Amino acid sequence: MPVGRLVVCPTPIGNLEDVTLRVLSALRDAHVVACEDTRRTRVLLDRYGVDAQLVSYHEHNEQSRAAELVRRMADGETVALCSDAGMPLVSDPGFVLVQACVGAGLAVEVLPGPSAALAALVASALPAETWRFVGFLPRKKGEQTALFAATETLVGFESPRRVGATLAVLAAVDPDRPVAVCRELTKVHEEVVRGTAGELAARYADAEVKGEVVLVVGGAPPVDGDLQAGVRALRELVAAGAKARPAAAVVAELTGTSANALYAALTAR
């Protein structure tokens, strides 16, 4: 009996013309297309005259649907997997199905295609030699502060309602940190705004932001010897009962280092 396979198909993140010929071919040839929202995927398929059987595959039915699809592939069928936009598994459903296929010894083929994270990274004009994708940025201030202490470029999704608040946290850590706010990538109202954390925090403090947003944050400066010594002193003060912010200001005054950098290094431990 022939054994089927899974084909992972990235879909456009906004502009439907960004779909690849290989993805369209895979969607046409598949016995079934598993997608987050059949209505969204149908729009893409209708645009290119693709007649395919669709089944829903989302975070609420991943386990049961994955088992069903694995059975179909074991019987020889080809399943195409796509999310509403971009690459499945990257902050989208799909991990359970891919893991199940690997566990069952089924072939998994991943096709290249659109990626909001990569598009934003390149558009940001920030260093891309070493970077980290963090999915959706954390909501808690402490977790954000720790994250922004990373020395590599960070790429993350953010709710349009929280852009101002997140930039304010970054500005408190390092107002001079370079950052880019990438909004509605590949769409009619695409916008990339670059600047320092302080500048963009002020710009977006009361601004109404619409659409899908990717934030790209430049890496923190490497921790030098003076800063390391300052952080050790700060930790001793905090352990003795001092409050972190005032203590960081005192240590900064004595050592000539940045209070924000000291605080960020302290909370990143």
# chains A, B, ... in the order shown; residues from 1 in each chain; ligands from 1

$ residues_around --residues "Arg183 in chain A" --least-positions-apart "6" --cutoff "6 Å" --atoms "only C-alpha atoms" --output "PDB file with all heavy atoms, in the first residue's frame"
ATOM      1  N   GLU A 190       1.145  49.099   4.297  1.00  0.00           N
ATOM      2  CA  GLU A 190       2.408  48.698   4.926  1.00  0.00           C
ATOM      3  C   GLU A 190       3.174  49.916   5.427  1.00  0.00           C
ATOM      4  O   GLU A 190       3.243  50.952   4.761  1.00  0.00           O
ATOM      5  CB  GLU A 190       3.266  47.935   3.925  1.00  0.00           C
ATOM      6  CG  GLU A 190       4.647  47.565   4.461  1.00  0.00           C
ATOM      7  CD  GLU A 190       5.482  46.812   3.446  1.00  0.00           C
ATOM      8  OE1 GLU A 190       4.984  45.790   2.925  1.00  0.00           O
ATOM      9  OE2 GLU A 190       6.613  47.246   3.172  1.00  0.00           O
ATOM     10  N   GLU A 191       3.748  49.765   6.632  1.00  0.00           N
ATOM     11  CA  GLU A 191       4.491  50.870   7.235  1.00  0.00           C
ATOM     12  C   GLU A 191       5.634  50.317   8.071  1.00  0.00           C
ATOM     13  O   GLU A 191       5.445  49.387   8.860  1.00  0.00           O
ATOM     14  CB  GLU A 191       3.556  51.707   8.119  1.00  0.00           C
ATOM     15  CG  GLU A 191       4.232  52.862   8.830  1.00  0.00           C
ATOM     16  CD  GLU A 191       3.282  53.595   9.764  1.00  0.00           C
ATOM     17  OE1 GLU A 191       2.718  52.946  10.667  1.00  0.00           O
ATOM     18  OE2 GLU A 191       3.103  54.813   9.581  1.00  0.00           O
ATOM     19  N   GLU A 212      -1.643  44.298  11.863  1.00  0.00           N
ATOM     20  CA  GLU A 212      -0.710  43.350  12.457  1.00  0.00           C
ATOM     21  C   GLU A 212       0.677  43.982  12.573  1.00  0.00           C
ATOM     22  O   GLU A 212       1.155  44.625  11.639  1.00  0.00           O
ATOM     23  CB  GLU A 212      -0.652  42.082  11.606  1.00  0.00           C
ATOM     24  CG  GLU A 212      -2.003  41.366  11.552  1.00  0.00           C
ATOM     25  CD  GLU A 212      -1.975  40.104  10.710  1.00  0.00           C
ATOM     26  OE1 GLU A 212      -0.972  39.911   9.997  1.00  0.00           O
ATOM     27  OE2 GLU A 212      -2.939  39.337  10.772  1.00  0.00           O
ATOM     28  N   VAL A 213       1.301  43.787  13.729  1.00  0.00           N
ATOM     29  CA  VAL A 213       2.556  44.474  14.041  1.00  0.00           C
ATOM     30  C   VAL A 213       3.657  43.472  14.378  1.00  0.00           C
ATOM     31  O   VAL A 213       3.440  42.504  15.116  1.00  0.00           O
ATOM     32  CB  VAL A 213       2.358  45.434  15.237  1.00  0.00           C
ATOM     33  CG1 VAL A 213       3.691  46.070  15.640  1.00  0.00           C
ATOM     34  CG2 VAL A 213       1.342  46.515  14.887  1.00  0.00           C
TER      35      VAL A 213
END

$ closest_atom_pairs --of "range 124-157 of chain A" --to "range 194-198 of chain A" --cutoff "12 Å" --atoms "only C-alpha atoms" --output "JSON lines"
{"residue": "A:Ser124", "atom": "CA", "partner": "A:Arg194", "partner_atom": "CA", "distance": 6.9}
{"residue": "A:Ala125", "atom": "CA", "partner": "A:Arg194", "partner_atom": "CA", "distance": 8.5}
{"residue": "A:Leu126", "atom": "CA", "partner": "A:Arg194", "partner_atom": "CA", "distance": 9.6}
{"residue": "A:Phe148", "atom": "CA", "partner": "A:Ala197", "partner_atom": "CA", "distance": 11.2}

$ residues_around --residues "Ala168 in chain A" --least-positions-apart "4" --cutoff "7 Å" --atoms "only C-alpha atoms" --output "list in words"
Gly164, Ala172 and Ala201 of chain A

$ select_by_dssp --residues "range 34-128 of chain A" --states "helix (DSSP H, G or I)" --output "PyMOL selection string"
chain A and resi 38-47+62-74+95-103+116-124

$ closest_residue --among "A:Thr257, A:Gly142, A:Val96, A:Gly230" --to "Ser64 in chain A" --atoms "only C-alpha atoms"
A:Val96

$ closest_residue --among "A:Val102, A:Leu81, A:Val214, A:Leu21" --to "Ala117 in chain A" --atoms "only C-alpha atoms"
A:Val214

$ residues_around --residues "Asp37 in chain A" --least-positions-apart "2" --cutoff "7 Å" --atoms "only C-alpha atoms" --output "PDB file with C-alpha atoms, in the first residue's frame"
ATOM      1  CA  CYS A  35      -6.187  24.870   7.423  1.00  0.00           C
ATOM      2  CA  ARG A  39     -13.137  30.492   4.839  1.00  0.00           C
ATOM      3  CA  ARG A  40      -9.786  32.314   4.786  1.00  0.00           C
ATOM      4  CA  THR A  41      -8.060  29.566   2.828  1.00  0.00           C
ATOM      5  CA  SER A  56     -10.302  22.749   9.712  1.00  0.00           C
ATOM      6  CA  ASP A  84      -4.209  31.716   7.811  1.00  0.00           C
TER       7      ASP A  84
END

$ closest_residue --among "A:Pro175, A:Gly218, A:Pro93, A:Pro88" --to "Ala202 in chain A" --atoms "only C-alpha atoms"
A:Pro175

$ atom_distance --atom1 "CA of Ala247 in chain A" --atom2 "CA of Asp176 in chain A"
21.8 Å

$ residues_around --residues "Ala146 in chain A" --least-positions-apart "5" --cutoff "7 Å" --atoms "only C-alpha atoms" --output "list in words"
Ala264, Thr267 and Ala268 of chain A

$ write_last_selection --atoms "C-alpha atoms" --output "PDB file, in the first residue's frame"
ATOM      1  CA  ALA A 264      18.261  45.482  32.986  1.00  0.00           C
ATOM      2  CA  THR A 267      16.431  41.655  36.180  1.00  0.00           C
ATOM      3  CA  ALA A 268      17.750  39.440  33.379  1.00  0.00           C
TER       4      ALA A 268
END

$ residues_around --residues "Cys101 in chain A" --least-positions-apart "5" --cutoff "12 Å" --atoms "only C-alpha atoms" --output "PyMOL selection string"
chain A and resi 3-8+66-74+78-79+94-96+106-109

$ closest_residue --among "A:Gly76, A:Pro160, A:Gly105, A:Pro127" --to "Ala205 in chain A" --atoms "only C-alpha atoms"
A:Pro160
